[in-house]
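J.: Could you have a look at this structure, given as structure tokens, before my questions?
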Amino acid sequence: MQNNYFHSVKFDKEQCKGCVTCIKFCPTEAIRIRGGKARIIQSRCIDCGECIRRCPHHAKRADTDTLTDIGKFNFNVALPAPALYSQFAPAVSREKIFAALHRLGFDAVYEVALAAEYVTLEIESYMKNRAVLKKPMISSACPAIIRLIQVRFPSLVGHIIPILPPVEVAATEARREFTRATGLAAETIGVWFLTPCPAKATNIRQPVDVTATDLSGAIGISSFYGEMKKILGAISEADIEKARASSYGIGWGYAGGEIRATGLVNSLIVHGVKEVADVLEQIEMSKMDDVDYVECLACPGGCIGGALLPENRFVAEKNLKLRVRRLRDREPAGRRQTILGGREIAPGNSAFRHKTIQPRPIMKLDDNIVVAMKKVGQIKQILAELPGIDCGACGSPTCASLAEDIVQGLAAETDCVFKLRQVVNALEEEMGKPFKNTRGEPYGSLDKTGE
């Protein structure tokens, strides 16, 4: 199992104020505050971007590739996520967006939304033709959710549908198409995902679903959005590369788009990493065995709520839904004929199946099983003596995580303010007088301002 982890989410020590906001919202308890600064536990982090979204001091950021990196290749293909379209009003055509990408330095565009249509067909085929399904099957589209399952719900890895996410299919199809069209060697062609979130950037460097990716890198949309918006104003209708994806592929950009495209009726749509974790707990307890399929997305609202998108999430959702509705009004009535676009994909094509996903070990107390069991007992004993209110003031997200940190030598019992108060009170009784603070007041008292 991989022990050296790559993460797109990075921590800026200078910006961190130790406010503990991030530890309260991290879905995998991957953050601690020690010495007044945050620290990310590498094995627990799933790069969901929740800490980026929540940090009031901008101490968390995502490192992705940049436009300068495309200079390493002779020919470059942009793979825009459907969420990119949500950053612009529906009146801005996809053809204009493609033209702007050409001006930014890309030689061609391959829509991830087009690959989403192929994946739609694969999901339909899999759900219909499998005699036995582990219900409910869970979407494989969001890499942050796959990592969440690896870390917190390892018993559910077998529920993840074994079909590649649209971005990986798009990368394979784009590299094949433009290698053939240009005559260039495959390794001289750069294939770049324009990403709305850090999890997808991480998945290129350390993929959980493929043995090797056809992607060259991922460029955060927010990094070029300002420049792209300026370019769009100068583009004429003559600068057109034809868009190929239908409304069904584009709809994958917001929550529920995958379910609507596949037409799966007995299904569930969940977005927001906390809400997804709540549903996964229900699945783990066998409380959703009557559901066929669950579309899980880490970002609120789906990919249009990604941490690397500059537009307000609700405005983005309005933009993309209007774009989908207008496009659908012009499409043929038959859903399958619309999304196929005249191209058949054989059911069970191995190129659309991902590798076996394994759980990720995150809590290894000791290599020696006897010592590890002893530590489990110590954790239970310490936890019983902690207040159990999960306030986060100690720098650990919960009392249980603090107990674990103490046993692992990463924290002390007196990091808990309640335990510290007990120690101070005991010392006061022993010395026969109260400790005083710098204002000459008894330890723990408040001044007139309440500070």
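Naming works like this for the structure tokens: A, B, ... for the chains as they're shown, residue 1 at the start of each chain, ligands 1 onward in shown order.
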Looking only at the backbone, which of the residues in stretch 163-251 of chain A does DSSP tag as helix (DSSP H, G or I), as a VMD selection string?
T.: chain A and resid 166 to 182 186 to 188 198 to 205 221 to 232 247 to 251
J.: Write down as a ChimeraX atom specification the residues of stretch 237-318 of chain A whose backbone DSSP state falls under strand (DSSP E).
T.: /A:267-271,293-297
J.: Keeping only N, CA and C atoms, take the residues you just selected and write them out as a compact mmCIF listing (two decimals), in the first residue's frame.
T.:
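Output file again_10.txt is given in full below:
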```txt
# COMPACT_ATOMS: atom_id res chain seq x y z
N SER A 267 -32.50 5.69 -7.18
CA SER A 267 -31.16 6.21 -6.91
C SER A 267 -31.22 7.37 -5.92
N LEU A 268 -30.02 7.78 -5.48
CA LEU A 268 -29.90 8.84 -4.49
C LEU A 268 -28.83 9.82 -4.96
N ILE A 269 -29.06 11.11 -4.74
CA ILE A 269 -28.10 12.16 -5.11
C ILE A 269 -27.66 12.85 -3.83
N VAL A 270 -26.35 12.80 -3.53
CA VAL A 270 -25.83 13.41 -2.30
C VAL A 270 -24.62 14.27 -2.65
N HIS A 271 -24.62 15.51 -2.16
CA HIS A 271 -23.46 16.38 -2.41
C HIS A 271 -23.11 17.15 -1.15
N TYR A 293 -28.39 2.87 -6.68
CA TYR A 293 -27.22 3.67 -7.08
C TYR A 293 -27.20 4.98 -6.29
N VAL A 294 -25.99 5.40 -5.90
CA VAL A 294 -25.82 6.66 -5.18
C VAL A 294 -24.79 7.52 -5.91
N GLU A 295 -25.20 8.70 -6.30
CA GLU A 295 -24.28 9.68 -6.89
C GLU A 295 -23.75 10.54 -5.75
N CYS A 296 -22.47 10.39 -5.44
CA CYS A 296 -21.85 11.10 -4.32
C CYS A 296 -20.84 12.12 -4.84
N LEU A 297 -20.95 13.36 -4.40
CA LEU A 297 -20.06 14.43 -4.82
C LEU A 297 -19.58 15.21 -3.59
```
J.: Can you measure atom CA of A:Ala59 to atom CA of A:Gln150 for me? One decimal in Å is fine.
T.: 26.2 Å
J.: Between A:Val407, A:Ala243, A:Leu133, A:Met288, which one has atoms that come closest to A:Ala108, using only C-alpha atoms?
T.: A:Ala243
J.: When you count only C-alpha atoms, which of these residues is closest to A:Thr202: A:Cys416, A:Leu427, A:Cys48, A:Ala298?
T.: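 Of A:Cys416, A:Leu427, A:Cys48, A:Ala298, the one nearest A:Thr202 is A:Cys48, counting only C-alpha atoms.
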J.: Just want the 10 Å neighbourhood of A:Thr262, counted on only C-alpha atoms, with same-chain residues fewer than 6 positions away dropped. Output as a short mmCIF file (atom, residue, chain, number, x, y, z; two decimals) with N, CA and C atoms, in the first residue's frame.
T.:
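Contents of result_29.cif, as written:
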```
data_model
loop_
_atom_site.label_atom_id
_atom_site.label_comp_id
_atom_site.auth_asym_id
_atom_site.auth_seq_id
_atom_site.Cartn_x
_atom_site.Cartn_y
_atom_site.Cartn_z
N GLU A 117 -20.76 11.18 -21.54
CA GLU A 117 -21.83 10.49 -22.25
C GLU A 117 -21.47 9.02 -22.47
N VAL A 119 -19.41 7.31 -20.55
CA VAL A 119 -19.48 6.70 -19.22
C VAL A 119 -20.93 6.44 -18.83
N THR A 120 -21.82 7.33 -19.22
CA THR A 120 -23.25 7.13 -18.97
C THR A 120 -23.72 5.80 -19.53
N LEU A 121 -23.33 5.51 -20.76
CA LEU A 121 -23.73 4.25 -21.40
C LEU A 121 -23.13 3.04 -20.69
N GLU A 122 -21.88 3.19 -20.24
CA GLU A 122 -21.24 2.10 -19.52
C GLU A 122 -21.95 1.81 -18.20
N ILE A 123 -22.35 2.86 -17.50
CA ILE A 123 -23.07 2.68 -16.23
C ILE A 123 -24.40 1.99 -16.47
N GLU A 124 -25.12 2.45 -17.51
CA GLU A 124 -26.40 1.81 -17.86
C GLU A 124 -26.21 0.33 -18.13
N SER A 125 -25.20 0.01 -18.92
CA SER A 125 -24.93 -1.38 -19.29
C SER A 125 -24.59 -2.21 -18.06
N MET A 127 -25.31 -1.67 -14.86
CA MET A 127 -26.43 -1.82 -13.92
C MET A 127 -27.50 -2.78 -14.46
N TYR A 248 -26.73 16.15 -21.88
CA TYR A 248 -26.62 15.11 -20.85
C TYR A 248 -25.20 15.01 -20.30
N ARG A 335 -33.47 10.29 -25.76
CA ARG A 335 -32.30 10.51 -24.93
C ARG A 335 -31.09 9.71 -25.39
N ARG A 336 -31.27 8.40 -25.65
CA ARG A 336 -30.13 7.57 -26.03
C ARG A 336 -29.51 8.04 -27.35
#
```
J.: Counting only C-alpha atoms, figure out which residue out of A:Thr356, A:His58, A:Glu428, A:Ile146 gets nearest to A:Glu14.
T.: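 Ranked by minimum distance to A:Glu14, first place goes to A:His58.
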